[in-house]
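Undergrad: One structure, pasted below without further comment.
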Amino acid sequence: MTGGDAGGRLVRPFTLTGGRTRPSRADFTLITTVTAVDPQPVRAARPQPEHLRILRLCARPVAVAEVAARLDLPVSVVVILLSDLLEAGRITARPPHLVTRANPDLDLLQKVRDGLGRL
Amino acid sequence: MAGSDRAAEARTATARPSAPDAVKILIAGGFGVGKTTMVGSVSEIAPLRTEEPLTAAGLDVDDLAGIEEKRATTVALDFGRITIGRELVLYLFGTPGQQRFWFMWNDLAIGALGAVVLVDVRRPESSFAAIDFFERRGIPFVVGVNGFHGRHPYPAAEIREALALPEHVQVLLCDARERTSSRDVLIALIDQLIDAATGAAAS
C-alpha cells in the first residue's frame with residue numbers, strides 16, 4: 001500500500017518550517033503593498049544581500065511591481081524573495097483593494113475620481 | 001501607564017507607516033498605440049518597467065509559435081503610479097501589446113477597476129482584440145482615440161460605429177502625450193463605473 005508513504009510526504013515539508021506553511025507566492029500580486037517591519041526581528045536569520053536591498057526599498061510601503069522594477073529583477077524572482085522575508089517576519093504584505101463587479105465600492109470610486117480631478 | 005501606552009502608539013505610528021490601499025487600471029490597445037505614453041503623462045513617477053522572462057511553462061502551445069527560436073524572450077510591463085491620498089494609490093499598467101503575450105492579460109485583469117483601450121486612428125484594427133478581451137470578460141472599459149500628433153480626422157461617433165461599440169462604452173478623442181487629456185480619459189472611466197454602480201443600486 002502506498003497510503004502511509006503518501007501521508008509522510010504530505011507531512012514532511014511542514015516540519016521543515018516549524019509547522020507553518022510557507023507563504024504562498026499567490027500572496028503577492030503586482031500591487032500588493034509590502035512594508036519592512038520596524039524594528040526588524042532580532043532572532044531572524046541574517047538576510048542575504050538581495051533581501052537587504054528589498055528591505056531598504058520597502059522601508060516605506062511600496063508595491064511588488066515597483067520593487068521588481070527598481071531592483072531590475074523579474075516579478076517572479078522578487079516574489080520568491082518577498083516570500084522569504086514574509087516568512088522571516090521581516091515584512092508585512094497588504095493585499096490590493098478587493099474589486100468586485102457585483103458589489104462596487106462607491107466611496108472608493110469617488111475618492112479615485114476626486115484624486116484624478118486634482119491632477 | 002496611559003502615558004507609556006501613548007508613547008508606544010506614537011512609536012508604532014512613526015516606525016511603521018500604514019500601507020495604503022492599492023487599485024489599478026489597465027491601459028490596453030494594439031502594439032505601439034501609445035500605452036506607455038499615456039501611463040507616463042499622468043504618472044507621478046517616470047514609467048517603470050519590469051521584464052519577465054518567458055518560459056514554455058507559462059505559455060499555451062499556440063503562443064510558442066514564432067518564439068521557439070528565442071529562448072531569452074522577455075515580456076515587458078510598463079506601469080506608473082498616482083497617489084490619490086495617504087490611504088489610496090492608483091497604479092496604471094500598460095498591457096503588453098503583442099498578441100502572443102496575451103496570456104498575461106488574464107493575470108493583469110484580475111482586480112482591475114477597469115481599462116482604457118487606446119485606439120490609433122490610422123490603424124484602429126490593431127485594438128479590436130483588446131476590445132474583444134474586455135467585452136468578453138465583462139470588464140468595464142472606455143475607448144481613448146489617440147490622435148496622431150494630436151490630430152483627430154474622424155469624429156467620435158464615426159469611430160464608435162467603426163468599432164461596433166455598445167452604447168454604454170464611451171469613446172473619447174485624446175492625446176496620450178497630454179497630462180490633462182489622459183487624465184480626462186481616466187475620469188471618464190471612473191464616471192462610467194460610478195454610473196454603473198449607482199444605476200445598479202437604484203434598480
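Here's how to read the names in the C-alpha cells: chain A, B, ... by the order shown, residue numbers from 1 in each chain, ligand numbers from 1 in the order shown.
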Would you return as a PyMOL selection string the members of range 26-182 of chain B that DSSP assigns to helix (DSSP H, G or I) on this structure's backbone?
TA: chain B and resi 35-42+56-58+61-64+99-101+103-109+124-137+156-163+179-182
Undergrad: Which residues in range 55-94 of chain A does DSSP call strand (DSSP E)? List them as a PyMOL selection string.
TA: chain A and resi 62-63+91-94
Undergrad: Just write the chosen residues, N, CA and C atoms, as a PDB file, in the first residue's frame.
TA:
ATOM      1  N   VAL A  62       5.514  49.982  -0.421  1.00  0.00           N
ATOM      2  CA  VAL A  62       5.785  50.013  -1.860  1.00  0.00           C
ATOM      3  C   VAL A  62       5.163  48.774  -2.513  1.00  0.00           C
ATOM      4  N   ALA A  63       4.717  48.918  -3.758  1.00  0.00           N
ATOM      5  CA  ALA A  63       4.068  47.800  -4.463  1.00  0.00           C
ATOM      6  C   ALA A  63       5.104  46.805  -4.973  1.00  0.00           C
ATOM      7  N   ILE A  91       8.824  41.536   6.764  1.00  0.00           N
ATOM      8  CA  ILE A  91       7.939  42.466   6.058  1.00  0.00           C
ATOM      9  C   ILE A  91       6.479  42.115   6.361  1.00  0.00           C
ATOM     10  N   THR A  92       5.611  43.103   6.137  1.00  0.00           N
ATOM     11  CA  THR A  92       4.183  42.824   6.113  1.00  0.00           C
ATOM     12  C   THR A  92       3.719  43.019   4.676  1.00  0.00           C
ATOM     13  N   ALA A  93       2.666  42.313   4.295  1.00  0.00           N
ATOM     14  CA  ALA A  93       2.129  42.421   2.935  1.00  0.00           C
ATOM     15  C   ALA A  93       0.657  42.769   3.017  1.00  0.00           C
ATOM     16  N   ARG A  94       0.277  43.830   2.315  1.00  0.00           N
ATOM     17  CA  ARG A  94      -1.135  44.201   2.282  1.00  0.00           C
ATOM     18  C   ARG A  94      -1.702  43.916   0.894  1.00  0.00           C
TER      19      ARG A  94
END
Undergrad: Up to 9 Å from chain B, what residues of chain A turn up? Count only C-alpha atoms and give them as JSON, numbers by chain.
TA: {"A": [29, 30, 31, 32, 33, 34, 35, 36, 37, 38, 39, 59, 60, 61, 62, 63, 65, 66, 68, 69, 70, 72, 73, 74, 75, 76, 93, 94, 95, 96, 97, 98, 99, 100, 101, 102, 103, 104, 105, 106, 108, 109, 110, 111, 112, 113, 114, 115, 116, 117, 118, 119]}
Undergrad: Could you write those residues out with N, CA and C atoms, as a short mmCIF file (atom, residue, chain, number, x, y, z; two decimals), in the first residue's frame?
TA:
data_model
loop_
_atom_site.label_atom_id
_atom_site.label_comp_id
_atom_site.auth_asym_id
_atom_site.auth_seq_id
_atom_site.Cartn_x
_atom_site.Cartn_y
_atom_site.Cartn_z
N THR A 29 0.48 39.91 -5.37
CA THR A 29 0.09 40.35 -6.70
C THR A 29 1.01 41.51 -7.07
N LEU A 30 0.88 42.03 -8.28
CA LEU A 30 1.72 43.15 -8.71
C LEU A 30 1.53 44.37 -7.82
N ILE A 31 0.30 44.55 -7.30
CA ILE A 31 0.05 45.76 -6.50
C ILE A 31 -0.18 45.45 -5.02
N THR A 32 0.29 44.28 -4.58
CA THR A 32 0.34 44.03 -3.14
C THR A 32 1.37 44.99 -2.55
N THR A 33 1.01 45.65 -1.46
CA THR A 33 1.93 46.63 -0.86
C THR A 33 2.75 45.95 0.23
N VAL A 34 4.06 46.07 0.12
CA VAL A 34 4.94 45.45 1.12
C VAL A 34 5.65 46.55 1.92
N THR A 35 5.81 46.29 3.22
CA THR A 35 6.44 47.25 4.12
C THR A 35 7.38 46.51 5.06
N ALA A 36 8.59 47.03 5.22
CA ALA A 36 9.55 46.42 6.14
C ALA A 36 9.05 46.60 7.57
N VAL A 37 9.18 45.56 8.37
CA VAL A 37 8.82 45.63 9.78
C VAL A 37 9.92 46.41 10.51
N ASP A 38 9.50 47.35 11.35
CA ASP A 38 10.48 48.16 12.06
C ASP A 38 10.11 48.22 13.52
N PRO A 39 10.94 47.78 14.44
CA PRO A 39 12.28 47.24 14.20
C PRO A 39 12.23 45.83 13.63
N ALA A 59 11.19 50.31 3.15
CA ALA A 59 11.18 50.99 4.44
C ALA A 59 9.86 51.78 4.55
N ARG A 60 9.41 52.29 3.42
CA ARG A 60 8.06 52.85 3.31
C ARG A 60 7.26 51.91 2.40
N PRO A 61 5.92 51.91 2.54
CA PRO A 61 5.12 50.96 1.76
C PRO A 61 5.35 51.10 0.25
N VAL A 62 5.51 49.98 -0.42
CA VAL A 62 5.79 50.01 -1.86
C VAL A 62 5.16 48.77 -2.51
N ALA A 63 4.72 48.92 -3.76
CA ALA A 63 4.07 47.80 -4.46
C ALA A 63 5.10 46.81 -4.97
N ALA A 65 5.33 45.34 -7.82
CA ALA A 65 5.81 45.67 -9.18
C ALA A 65 6.92 46.71 -9.11
N GLU A 66 6.78 47.64 -8.17
CA GLU A 66 7.77 48.70 -8.05
C GLU A 66 9.09 48.16 -7.50
N ALA A 68 10.22 45.19 -8.01
CA ALA A 68 10.83 44.46 -9.13
C ALA A 68 11.50 45.42 -10.11
N ALA A 69 10.79 46.51 -10.44
CA ALA A 69 11.33 47.46 -11.41
C ALA A 69 12.59 48.14 -10.86
N ARG A 70 12.55 48.53 -9.59
CA ARG A 70 13.69 49.26 -9.02
C ARG A 70 14.91 48.36 -8.83
N ASP A 72 15.42 45.85 -10.87
CA ASP A 72 15.66 45.31 -12.20
C ASP A 72 15.67 43.78 -12.17
N LEU A 73 14.70 43.23 -11.45
CA LEU A 73 14.54 41.78 -11.38
C LEU A 73 13.13 41.41 -11.84
N PRO A 74 12.97 40.21 -12.42
CA PRO A 74 11.62 39.79 -12.80
C PRO A 74 10.72 39.69 -11.57
N VAL A 75 9.44 39.98 -11.74
CA VAL A 75 8.49 39.91 -10.64
C VAL A 75 8.49 38.51 -10.01
N SER A 76 8.60 37.49 -10.86
CA SER A 76 8.56 36.12 -10.34
C SER A 76 9.70 35.85 -9.36
N ALA A 93 2.67 42.31 4.30
CA ALA A 93 2.13 42.42 2.93
C ALA A 93 0.66 42.77 3.02
N ARG A 94 0.28 43.83 2.31
CA ARG A 94 -1.14 44.20 2.28
C ARG A 94 -1.70 43.92 0.89
N PRO A 95 -2.71 43.04 0.84
CA PRO A 95 -3.29 42.72 -0.48
C PRO A 95 -3.98 43.93 -1.07
N PRO A 96 -4.13 43.98 -2.40
CA PRO A 96 -4.79 45.13 -3.02
C PRO A 96 -6.26 45.19 -2.64
N HIS A 97 -6.86 46.35 -2.87
CA HIS A 97 -8.27 46.54 -2.60
C HIS A 97 -9.08 45.55 -3.43
N LEU A 98 -9.97 44.85 -2.79
CA LEU A 98 -10.78 43.86 -3.49
C LEU A 98 -11.82 44.56 -4.36
N VAL A 99 -11.74 44.31 -5.66
CA VAL A 99 -12.68 44.94 -6.59
C VAL A 99 -13.67 43.88 -7.07
N THR A 100 -14.94 44.10 -6.79
CA THR A 100 -15.95 43.17 -7.27
C THR A 100 -16.99 43.93 -8.09
N ARG A 101 -17.36 43.35 -9.22
CA ARG A 101 -18.36 43.99 -10.08
C ARG A 101 -19.74 43.95 -9.40
N ALA A 102 -20.00 42.88 -8.69
CA ALA A 102 -21.33 42.69 -8.12
C ALA A 102 -21.60 43.71 -7.01
N ASN A 103 -20.56 44.09 -6.31
CA ASN A 103 -20.74 44.97 -5.16
C ASN A 103 -19.71 46.10 -5.19
N PRO A 104 -19.86 47.04 -6.11
CA PRO A 104 -18.84 48.08 -6.28
C PRO A 104 -18.76 49.02 -5.08
N ASP A 105 -17.57 49.49 -4.81
CA ASP A 105 -17.31 50.36 -3.67
C ASP A 105 -17.39 51.82 -4.14
N LEU A 106 -18.59 52.40 -3.98
CA LEU A 106 -18.82 53.77 -4.46
C LEU A 106 -17.88 54.78 -3.81
N LEU A 108 -14.89 54.33 -2.67
CA LEU A 108 -13.55 54.21 -3.26
C LEU A 108 -13.51 54.88 -4.64
N LEU A 109 -14.54 54.61 -5.46
CA LEU A 109 -14.59 55.20 -6.80
C LEU A 109 -14.60 56.72 -6.73
N GLN A 110 -15.37 57.24 -5.76
CA GLN A 110 -15.46 58.69 -5.62
C GLN A 110 -14.10 59.28 -5.21
N LYS A 111 -13.39 58.55 -4.35
CA LYS A 111 -12.04 59.01 -3.93
C LYS A 111 -11.09 59.05 -5.13
N VAL A 112 -11.15 58.02 -5.95
CA VAL A 112 -10.29 57.97 -7.14
C VAL A 112 -10.66 59.13 -8.08
N ARG A 113 -11.98 59.33 -8.24
CA ARG A 113 -12.49 60.40 -9.10
C ARG A 113 -11.96 61.76 -8.62
N ASP A 114 -12.08 62.01 -7.33
CA ASP A 114 -11.63 63.28 -6.75
C ASP A 114 -10.12 63.44 -6.91
N GLY A 115 -9.39 62.35 -6.68
CA GLY A 115 -7.94 62.40 -6.79
C GLY A 115 -7.49 62.73 -8.20
N LEU A 116 -8.14 62.12 -9.19
CA LEU A 116 -7.80 62.39 -10.59
C LEU A 116 -8.15 63.83 -10.94
N GLY A 117 -9.25 64.32 -10.37
CA GLY A 117 -9.67 65.70 -10.62
C GLY A 117 -8.64 66.72 -10.14
N ARG A 118 -7.85 66.32 -9.14
CA ARG A 118 -6.83 67.24 -8.60
C ARG A 118 -5.54 67.23 -9.42
N LEU A 119 -5.42 66.31 -10.35
CA LEU A 119 -4.16 66.23 -11.13
C LEU A 119 -3.97 67.46 -12.01
#
Undergrad: When you look at range 167-177 of chain B with a cut-off of 7 Å (counting only C-alpha atoms), what residues show up, excluding the ones that are within fewer than 3 positions of it in the same chain? I need them as a compact mmCIF listing (two decimals) with C-alpha atoms, in the first residue's frame.
TA:
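The new file result10.txt reads:
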# COMPACT_ATOMS: atom_id res chain seq x y z
CA GLY B 34 0.69 54.97 -27.10
CA THR B 37 2.99 57.40 -23.35
CA MET B 38 -0.37 57.66 -21.60
CA SER B 41 1.81 61.53 -18.98
CA PHE B 141 -13.64 49.99 -20.31
CA VAL B 142 -13.63 53.25 -22.24
CA VAL B 143 -12.05 53.81 -25.63
CA GLY B 144 -9.46 56.56 -25.99
CA VAL B 145 -8.77 57.53 -29.58
CA ASN B 146 -5.17 58.68 -29.60
CA GLY B 147 -4.76 61.22 -32.39
CA GLY B 150 -2.92 65.14 -31.53
CA ALA B 156 -16.00 60.06 -32.06
CA ARG B 160 -17.75 54.20 -32.36
CA SER B 181 -6.17 64.73 -21.84
CA SER B 182 -5.05 61.37 -20.42
CA VAL B 185 -9.95 59.62 -20.17
Undergrad: If I take CA of Pro153 in chain B and CA of Val121 in chain B, how far is one from the other in Å, to one decimal?
TA: 8.0 Å
Undergrad: List the spatial neighbours of Ala44 in chain A as a list in words - criterion: any atom at most 10 Å away, only C-alpha atoms, same-chain residues fewer than 2 positions off excluded.
TA: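 Once the adjacent positions are removed, what remains is Gln40, Pro41, Val42, Arg46, Pro47, Leu85, Glu87, Ala88, Gly89 and Arg90 of chain A.
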Undergrad: Work out how far CA of Leu26 in chain B is from CA of His149 in chain B, in Å to one decimal.
TA: 23.0 Å
Undergrad: Grab the CA of Glu125 in chain B to CA of Thr73 in chain B distance for me, in Å with one decimal place.
TA: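 Between CA of Glu125 in chain B and CA of Thr73 in chain B the gap is 25.8 Å.
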Undergrad: B:Ala162, B:Ala129, B:Ile27, B:Val33: which is nearest Ala109 in chain B, counting only C-alpha atoms?
TA: B:Ile27
